[in-house]
Amino acid sequence: MKSFFKYTFASIIGFLVASLLVIFIFFGIVGSIVSSSQDKTSIVKDNSILKISLSDGVVDRVSENPMDNFDIKAMKSDNKVGLNDILKELNKAANDDKIKGIYLDLNGLPAGMATTEEIRNALLEFKDSSDKFIIAYSDYYTQKSYYLASVADKIYVNPQGLVEWKGIGGEVMFYTEALKKIGIEPVIIRHGKFKSAVEPFMLNKMSDANREQTITYIGSIWNNVMDGISKKRGVPVEDLNMYADSMKIQNANDALKYKLVDGLKYKDEILDELKTLSGTKKDDDLEFITLNTYKNSPKLNVDKVRAKEKIAIIYATGEIKMGDGSIKEIGSDGLSEAIRKARLDSTIKAVVLRVNSPGGSALASEVIWREVVLTKKVKPVIVSMGDVAASGGYYISCPADRVFASRNTITGSIGVFGLMFNGEELMNKIGISVDGVQTNAHSNIGSQYKKMTQEEKDVIQKGVEDIYGVFIGHVSEGRGTTPALIDSIGQGRVWSGVNAIEIGLIDEFGGLKDAVKYAAKKANLDKYRITELPKQKDFMEALLKDFTGEIETKVLEKNLGLTYKYYYRLNEILKSNGVTQARMPYDIEIH
């Protein structure tokens with residue numbers, strides 16, 4: 001007995017010691033992350049080169065919580081870059097005499113097509129407003145990174161590298177047969193033949209309507225990419241299409257032969273050329289400064305205007321849900337509060353709503369829409385669309401005074417659907433039965449363990465139709481047209497920015513900077529400063545609230561890899577608030 005207690009006590013002590021060590025290590029890591037993430041003034045040396053590497057990804061706004069950008073596997077923070085910081089720092093660099101030029105290090109570009117277009121336009125503006133060089137280099141250009149590189153004075157690739165050139169395509173995964181095999185019946189109610197977000201649960205391939213809309217918007221995006229490259233490289237669009245169709249670009253030599261690049265060079269040769277361009281002596285080291293470091297450098301004198309009047313940029317990023325939301329998800333309460341705060345703040349003279357969302361809860365979208373409408377009555381509200389502003393994302397955008405979008409933005413998807421699952425057959429297969437009581441005939445409507453009656457389906461269908469009617473009513477009012485016209489371009493159909501401007505869903509091509517300039521003009525502001533909302537959480541508050549969920553997500557992302565997105569989507573559908581969703585089929589993989 002003594003031995004039992006001795007070993008038990010020793011085990012308990014060992015467990016406590018191990019737990020304390022884990023806690024100390026964790027807080028040591030957190031302390032290191034917090035310390036490294038704190039703003040430190042960066043000194044820009046003479047003959048510096050702004051090095052832009054976007055391989056860790058671009059988001060509209062980087063989270064101030066270091067744990068959001070923490071790579072568990074590598075035990076370090078990644079270096080995601082905020083689009084807002086890119087735009088701001090490129091403008092500063094154009095006027096900074098110590099910055100001699102830009103080096104685009106483009107080994108990877110995890111960003112959407114509209115975001116890529118916005119960065120590209122900012123680089124073009126940098127070239128137009130300064131006499132500074134832009135050099136692009138990569139061992140391997142994806143089509144997206146090459147599109148960005150096409151603005152450079154010179155494009156180089158590793159002699160053994162490649163420029164990917166094949167056209168773009170999209171893929172959708174279908175779950176219908178898998179659900180049948182395990183005995184789960186999806187109950188689908190939708191309005192609009194193009195509302196294809198539910199197709200993966202009811203078909204085995206794309207419907208004709210979905211195929212039509214998809215080829216239309218990805219074709220539009222591809223045409224815009226080719227047009228931009230053609231203008232900068234002097235290669236006709238017809239030739240670019242021929243290169244893709246015939247798979248002409250098979251190696252780096254082909255890329256040089258067909259004028260997609262200016263030379264085949266190794267990294268050391270690029271560094272030598274950068275020394276010449278920046279006026280750096282041959283034996284001296286190059287002075288590179290990254291975007292994340294440069295943003296902590298002192299403001300230039302031209303930037304030091306401290307105006308009292310403000311323009312609020314309000315970020316609406318991610319799926320739309322009920323509740324507070326986060327930097328990755330739009331919460332009806334959280335975003336509504338931010339819009340309301342901007343409306344009631346007398347120093348904020350205009351609002352720019354930056355929307356990057358495929359939609360989500362119809363009810364949550366309605367709650368946010370109401371705040372946008374109220375704000376528009378007292379001050380200008382301008383929408384800037386990012387990579388996607390569709391379905392619920394368009395729902396919250398439509399009341400704005402003016403809507404800006406990229407040619408590559410995916411928008412529209414004006415439609416509503418309901419999706420539930422009946423697992424009665426699955427329960428029977430594995431020997432589980434479900435029984436219960438109810439006070440009325442339909443008390444258990446929506447239960448996952450019984451088949452829905454036609455009468456119950458009809459009730460939900462009416463609800464979907466009612467919400468769709470409200471949706472197109474809001475859009476027609478916001479866009480100054482009729483519900484019938486909106487219905488004709490709605491039905492859940494997805495459009496590119498080029499398509500959307502033709503049918504009146506957006507007003508103007510432009511990015512976040514263009515929207516801010518228009519807002520200033522609308523509010524009659526000569527001098528103003530920017531405030532960003534919603535305010536980000538205090539680090540420790542965010543850590544204590546979100547750490548467990550963040551760690552779980554990071555672990556799943558690492559273990560599931562590319563298939564994580566399918567797990568995430570299924571999980572989101574199963575736990576969605578309410579039946580009705582205003583969401584687009586944004587799970588399509590475009591490459």
# chains A, B, ... in the order shown; residues from 1 in each chain; ligands from 1

call {"tool": "residues_around", "arguments": {"residues": "A:Ile489", "least_positions_apart": "4", "cutoff": "9 Å", "atoms": "only C-alpha atoms", "output": "ChimeraX atom specification"}}
result
/A:412,414,484-485,493,503

call {"tool": "write_last_selection", "arguments": {"atoms": "C-alpha atoms", "output": "short mmCIF file (atom, residue, chain, number, x, y, z; two decimals), in the first residue's frame"}}
result
data_model
loop_
_atom_site.label_atom_id
_atom_site.label_comp_id
_atom_site.auth_asym_id
_atom_site.auth_seq_id
_atom_site.Cartn_x
_atom_site.Cartn_y
_atom_site.Cartn_z
CA GLY A 412 -23.52 39.68 -56.81
CA ILE A 414 -28.15 37.98 -54.74
CA ALA A 484 -37.89 43.18 -61.14
CA LEU A 485 -34.61 44.32 -62.67
CA ARG A 493 -25.81 34.66 -59.94
CA ILE A 503 -25.38 45.68 -64.97
#

call {"tool": "select_by_dssp", "arguments": {"residues": "stretch 153-333 of chain A", "states": "helix (DSSP H, G or I)", "output": "ChimeraX atom specification"}}
result
/A:176-182,196-201,208-233,237-245,252-257,267-278,291-294,301-303,332-333

call {"tool": "write_last_selection", "arguments": {"atoms": "C-alpha atoms", "output": "PDB file, in the first residue's frame"}}
result
ATOM      1  CA  THR A 176     -23.808  14.031 -52.569  1.00  0.00           C
ATOM      2  CA  GLU A 177     -22.852  10.363 -52.981  1.00  0.00           C
ATOM      3  CA  ALA A 178     -20.818  10.343 -49.758  1.00  0.00           C
ATOM      4  CA  LEU A 179     -23.842  11.621 -47.828  1.00  0.00           C
ATOM      5  CA  LYS A 180     -26.060   8.968 -49.428  1.00  0.00           C
ATOM      6  CA  LYS A 181     -23.646   6.196 -48.435  1.00  0.00           C
ATOM      7  CA  ILE A 182     -23.626   7.172 -44.793  1.00  0.00           C
ATOM      8  CA  SER A 196     -25.260  27.148 -56.272  1.00  0.00           C
ATOM      9  CA  ALA A 197     -23.810  27.163 -52.770  1.00  0.00           C
ATOM     10  CA  VAL A 198     -25.960  24.076 -52.045  1.00  0.00           C
ATOM     11  CA  GLU A 199     -25.074  22.175 -55.231  1.00  0.00           C
ATOM     12  CA  PRO A 200     -22.254  20.168 -53.578  1.00  0.00           C
ATOM     13  CA  PHE A 201     -24.959  18.542 -51.405  1.00  0.00           C
ATOM     14  CA  ASP A 208     -25.546  24.200 -66.436  1.00  0.00           C
ATOM     15  CA  ALA A 209     -26.490  27.482 -64.739  1.00  0.00           C
ATOM     16  CA  ASN A 210     -23.568  27.284 -62.339  1.00  0.00           C
ATOM     17  CA  ARG A 211     -21.169  26.357 -65.144  1.00  0.00           C
ATOM     18  CA  GLU A 212     -22.435  29.326 -67.160  1.00  0.00           C
ATOM     19  CA  GLN A 213     -21.949  31.842 -64.349  1.00  0.00           C
ATOM     20  CA  THR A 214     -18.552  30.440 -63.372  1.00  0.00           C
ATOM     21  CA  ILE A 215     -17.077  30.483 -66.869  1.00  0.00           C
ATOM     22  CA  THR A 216     -18.410  34.033 -67.258  1.00  0.00           C
ATOM     23  CA  TYR A 217     -16.731  35.488 -64.185  1.00  0.00           C
ATOM     24  CA  ILE A 218     -13.459  33.551 -64.338  1.00  0.00           C
ATOM     25  CA  GLY A 219     -13.272  34.348 -68.058  1.00  0.00           C
ATOM     26  CA  SER A 220     -13.719  38.015 -67.237  1.00  0.00           C
ATOM     27  CA  ILE A 221     -10.939  37.847 -64.623  1.00  0.00           C
ATOM     28  CA  TRP A 222      -8.592  36.076 -67.057  1.00  0.00           C
ATOM     29  CA  ASN A 223      -9.263  38.632 -69.787  1.00  0.00           C
ATOM     30  CA  ASN A 224      -8.453  41.447 -67.375  1.00  0.00           C
ATOM     31  CA  VAL A 225      -5.197  39.750 -66.336  1.00  0.00           C
ATOM     32  CA  MET A 226      -4.133  39.244 -69.941  1.00  0.00           C
ATOM     33  CA  ASP A 227      -5.038  42.809 -70.872  1.00  0.00           C
ATOM     34  CA  GLY A 228      -2.894  44.194 -68.046  1.00  0.00           C
ATOM     35  CA  ILE A 229       0.072  41.982 -68.930  1.00  0.00           C
ATOM     36  CA  SER A 230      -0.288  42.732 -72.636  1.00  0.00           C
ATOM     37  CA  LYS A 231      -0.114  46.474 -72.041  1.00  0.00           C
ATOM     38  CA  LYS A 232       2.993  46.269 -69.852  1.00  0.00           C
ATOM     39  CA  ARG A 233       4.886  43.585 -71.779  1.00  0.00           C
ATOM     40  CA  VAL A 237      -3.585  39.169 -75.965  1.00  0.00           C
ATOM     41  CA  GLU A 238      -4.069  36.713 -78.825  1.00  0.00           C
ATOM     42  CA  ASP A 239      -0.495  35.516 -78.397  1.00  0.00           C
ATOM     43  CA  LEU A 240      -0.875  35.170 -74.636  1.00  0.00           C
ATOM     44  CA  ASN A 241      -3.932  32.962 -75.151  1.00  0.00           C
ATOM     45  CA  MET A 242      -2.086  30.923 -77.748  1.00  0.00           C
ATOM     46  CA  TYR A 243       0.810  30.376 -75.338  1.00  0.00           C
ATOM     47  CA  ALA A 244      -1.622  29.017 -72.760  1.00  0.00           C
ATOM     48  CA  ASP A 245      -3.587  26.825 -75.193  1.00  0.00           C
ATOM     49  CA  ALA A 252      12.509  29.586 -68.208  1.00  0.00           C
ATOM     50  CA  ASN A 253      14.001  29.718 -71.700  1.00  0.00           C
ATOM     51  CA  ASP A 254      10.516  29.676 -73.198  1.00  0.00           C
ATOM     52  CA  ALA A 255       9.479  32.546 -70.927  1.00  0.00           C
ATOM     53  CA  LEU A 256      12.444  34.557 -72.232  1.00  0.00           C
ATOM     54  CA  LYS A 257      11.831  33.558 -75.850  1.00  0.00           C
ATOM     55  CA  LYS A 267      20.001  35.511 -57.060  1.00  0.00           C
ATOM     56  CA  ASP A 268      23.615  36.762 -56.816  1.00  0.00           C
ATOM     57  CA  GLU A 269      23.285  38.382 -60.244  1.00  0.00           C
ATOM     58  CA  ILE A 270      20.079  40.109 -59.141  1.00  0.00           C
ATOM     59  CA  LEU A 271      21.841  41.454 -56.050  1.00  0.00           C
ATOM     60  CA  ASP A 272      24.647  42.839 -58.223  1.00  0.00           C
ATOM     61  CA  GLU A 273      22.115  44.618 -60.450  1.00  0.00           C
ATOM     62  CA  LEU A 274      20.335  46.045 -57.410  1.00  0.00           C
ATOM     63  CA  LYS A 275      23.647  47.427 -56.143  1.00  0.00           C
ATOM     64  CA  THR A 276      24.138  49.263 -59.432  1.00  0.00           C
ATOM     65  CA  LEU A 277      20.581  50.610 -59.453  1.00  0.00           C
ATOM     66  CA  SER A 278      20.685  51.780 -55.828  1.00  0.00           C
ATOM     67  CA  LEU A 291       7.333  46.461 -45.560  1.00  0.00           C
ATOM     68  CA  ASN A 292       6.720  45.368 -41.967  1.00  0.00           C
ATOM     69  CA  THR A 293       9.908  47.155 -40.872  1.00  0.00           C
ATOM     70  CA  TYR A 294       9.391  50.208 -43.053  1.00  0.00           C
ATOM     71  CA  ASN A 301       7.148  65.716 -43.139  1.00  0.00           C
ATOM     72  CA  VAL A 302       4.444  65.558 -45.802  1.00  0.00           C
ATOM     73  CA  ASP A 303       2.625  62.924 -43.715  1.00  0.00           C
ATOM     74  CA  SER A 332     -23.676  41.298 -36.582  1.00  0.00           C
ATOM     75  CA  ASP A 333     -23.223  42.870 -33.132  1.00  0.00           C
TER      76      ASP A 333
END

call {"tool": "residues_around", "arguments": {"residues": "stretch 313-321 of chain A", "least_positions_apart": "5", "cutoff": "6 Å", "atoms": "only C-alpha atoms", "output": "PyMOL selection string"}}
result
chain A and resi 328-331+352-357+359-361+364+532-533

call {"tool": "residues_around", "arguments": {"residues": "A:Val81", "least_positions_apart": "4", "cutoff": "8 Å", "atoms": "only C-alpha atoms", "output": "list in words"}}
result
Leu54, Asp56, Gly57, Val58, Val59, Arg61, Val62, Asp85, Ile86, Leu291 and Asn292 of chain A

call {"tool": "residues_around", "arguments": {"residues": "stretch 464-473 of chain A", "least_positions_apart": "5", "cutoff": "12 Å", "atoms": "only C-alpha atoms", "output": "PyMOL selection string"}}
result
chain A and resi 188-192+195+361-363+365-366+369+391-399+412-419+457-459+478-492+505+578-582

call {"tool": "residues_around", "arguments": {"residues": "A:Phe126", "least_positions_apart": "3", "cutoff": "6 Å", "atoms": "only C-alpha atoms", "output": "list in words"}}
result
Ala94, Leu123 and Ser129 of chain A

call {"tool": "atom_distance", "arguments": {"atom1": "atom CA of A:Leu148", "atom2": "atom CA of A:Lys299"}}
result
26.8 Å

call {"tool": "closest_residue", "arguments": {"among": "A:Ser433, A:Asn121, A:Ile501, A:Ala342", "to": "A:Asn91", "atoms": "only C-alpha atoms"}}
result
A:Asn121

call {"tool": "closest_residue", "arguments": {"among": "A:Lys51, A:Lys308, A:Arg343, A:Arg402", "to": "A:Thr375", "atoms": "only C-alpha atoms"}}
result
A:Arg343

call {"tool": "atom_distance", "arguments": {"atom1": "atom CA of A:Ala307", "atom2": "atom CA of A:Asn95"}}
result
20.4 Å

call {"tool": "atom_distance", "arguments": {"atom1": "atom CA of A:Ile155", "atom2": "atom CA of A:Leu104"}}
result
9.3 Å

call {"tool": "select_by_dssp", "arguments": {"residues": "stretch 136-256 of chain A", "states": "strand (DSSP E or B)", "output": "number ranges by chain"}}
result
A: 136-141, 154-163, 170-171, 185-191

call {"tool": "write_last_selection", "arguments": {"atoms": "C-alpha atoms", "output": "mmCIF file, in the first residue's frame"}}
result
data_model
loop_
_atom_site.group_PDB
_atom_site.id
_atom_site.type_symbol
_atom_site.label_atom_id
_atom_site.label_comp_id
_atom_site.auth_asym_id
_atom_site.auth_seq_id
_atom_site.Cartn_x
_atom_site.Cartn_y
_atom_site.Cartn_z
ATOM 1 C CA ALA A 136 10.926 41.555 -59.922
ATOM 2 C CA TYR A 137 12.558 38.187 -59.330
ATOM 3 C CA SER A 138 11.358 34.671 -58.580
ATOM 4 C CA ASP A 139 12.477 31.090 -58.872
ATOM 5 C CA TYR A 140 8.946 30.204 -59.942
ATOM 6 C CA TYR A 141 6.172 32.607 -60.956
ATOM 7 C CA LYS A 154 12.611 44.288 -65.394
ATOM 8 C CA ILE A 155 11.302 40.772 -64.703
ATOM 9 C CA TYR A 156 13.853 38.056 -64.010
ATOM 10 C CA VAL A 157 13.492 34.338 -63.314
ATOM 11 C CA ASN A 158 15.921 31.664 -62.172
ATOM 12 C CA PRO A 159 17.479 29.936 -65.244
ATOM 13 C CA GLN A 160 16.043 26.629 -64.003
ATOM 14 C CA GLY A 161 12.763 28.193 -62.907
ATOM 15 C CA LEU A 162 9.420 28.645 -64.622
ATOM 16 C CA VAL A 163 6.642 31.094 -65.386
ATOM 17 C CA GLY A 170 -12.072 26.418 -61.002
ATOM 18 C CA GLU A 171 -12.977 23.243 -59.166
ATOM 19 C CA GLU A 185 -30.261 13.433 -46.393
ATOM 20 C CA PRO A 186 -29.657 17.120 -47.131
ATOM 21 C CA VAL A 187 -32.853 19.198 -47.043
ATOM 22 C CA ILE A 188 -32.297 22.046 -49.491
ATOM 23 C CA ILE A 189 -34.544 25.024 -50.059
ATOM 24 C CA ARG A 190 -33.356 27.874 -52.257
ATOM 25 C CA HIS A 191 -34.438 30.714 -54.496
#

call {"tool": "residues_around", "arguments": {"residues": "A:Arg407", "least_positions_apart": "5", "cutoff": "10 Å", "atoms": "only C-alpha atoms", "output": "number ranges by chain"}}
result
A: 113-114, 117-118, 220-221, 224-225, 387, 496-501, 508-511

call {"tool": "write_last_selection", "arguments": {"atoms": "N, CA and C atoms", "output": "short mmCIF file (atom, residue, chain, number, x, y, z; two decimals), in the first residue's frame"}}
result
data_model
loop_
_atom_site.label_atom_id
_atom_site.label_comp_id
_atom_site.auth_asym_id
_atom_site.auth_seq_id
_atom_site.Cartn_x
_atom_site.Cartn_y
_atom_site.Cartn_z
N MET A 113 -7.47 37.64 -56.27
CA MET A 113 -7.19 38.34 -57.52
C MET A 113 -7.45 39.84 -57.40
N ALA A 114 -8.48 40.24 -56.67
CA ALA A 114 -8.76 41.67 -56.52
C ALA A 114 -7.68 42.34 -55.67
N GLU A 117 -4.72 42.84 -57.79
CA GLU A 117 -4.95 43.98 -58.69
C GLU A 117 -4.73 45.31 -57.95
N GLU A 118 -5.18 45.37 -56.71
CA GLU A 118 -5.05 46.61 -55.94
C GLU A 118 -3.59 46.92 -55.64
N SER A 220 -13.89 36.57 -67.36
CA SER A 220 -13.72 38.02 -67.24
C SER A 220 -12.43 38.35 -66.49
N ILE A 221 -12.16 37.61 -65.40
CA ILE A 221 -10.94 37.85 -64.62
C ILE A 221 -9.70 37.55 -65.47
N ASN A 224 -9.02 40.25 -68.00
CA ASN A 224 -8.45 41.45 -67.37
C ASN A 224 -6.97 41.25 -67.07
N VAL A 225 -6.61 40.06 -66.60
CA VAL A 225 -5.20 39.75 -66.34
C VAL A 225 -4.38 39.83 -67.62
N ASP A 387 -11.68 41.12 -52.52
CA ASP A 387 -11.69 39.97 -53.42
C ASP A 387 -13.10 39.47 -53.69
N SER A 496 -18.25 39.04 -61.99
CA SER A 496 -16.97 39.71 -61.75
C SER A 496 -17.22 41.21 -61.70
N GLY A 497 -16.21 41.97 -61.29
CA GLY A 497 -16.36 43.42 -61.26
C GLY A 497 -16.68 44.00 -62.62
N VAL A 498 -16.06 43.45 -63.67
CA VAL A 498 -16.32 43.93 -65.04
C VAL A 498 -17.78 43.71 -65.40
N ASN A 499 -18.30 42.52 -65.09
CA ASN A 499 -19.72 42.26 -65.35
C ASN A 499 -20.61 43.16 -64.51
N ALA A 500 -20.23 43.34 -63.24
CA ALA A 500 -21.07 44.05 -62.28
C ALA A 500 -21.27 45.51 -62.64
N ILE A 501 -20.25 46.14 -63.21
CA ILE A 501 -20.40 47.56 -63.56
C ILE A 501 -21.33 47.70 -64.77
N GLU A 508 -18.00 52.07 -59.84
CA GLU A 508 -16.71 52.53 -60.33
C GLU A 508 -15.62 51.50 -60.00
N PHE A 509 -14.65 51.38 -60.92
CA PHE A 509 -13.49 50.56 -60.63
C PHE A 509 -12.53 51.35 -59.73
N GLY A 510 -12.02 50.70 -58.73
CA GLY A 510 -11.08 51.37 -57.84
C GLY A 510 -10.89 50.57 -56.57
N GLY A 511 -9.83 50.89 -55.85
CA GLY A 511 -9.52 50.19 -54.62
C GLY A 511 -9.84 51.01 -53.39
#

call {"tool": "closest_residue", "arguments": {"among": "A:Ala515, A:Leu109, A:Val367, A:Val351", "to": "A:Thr142", "atoms": "only C-alpha atoms"}}
result
A:Leu109

call {"tool": "closest_residue", "arguments": {"among": "A:Val235, A:Met202, A:Asn251, A:Lys450", "to": "A:Gly436", "atoms": "only C-alpha atoms"}}
result
A:Lys450
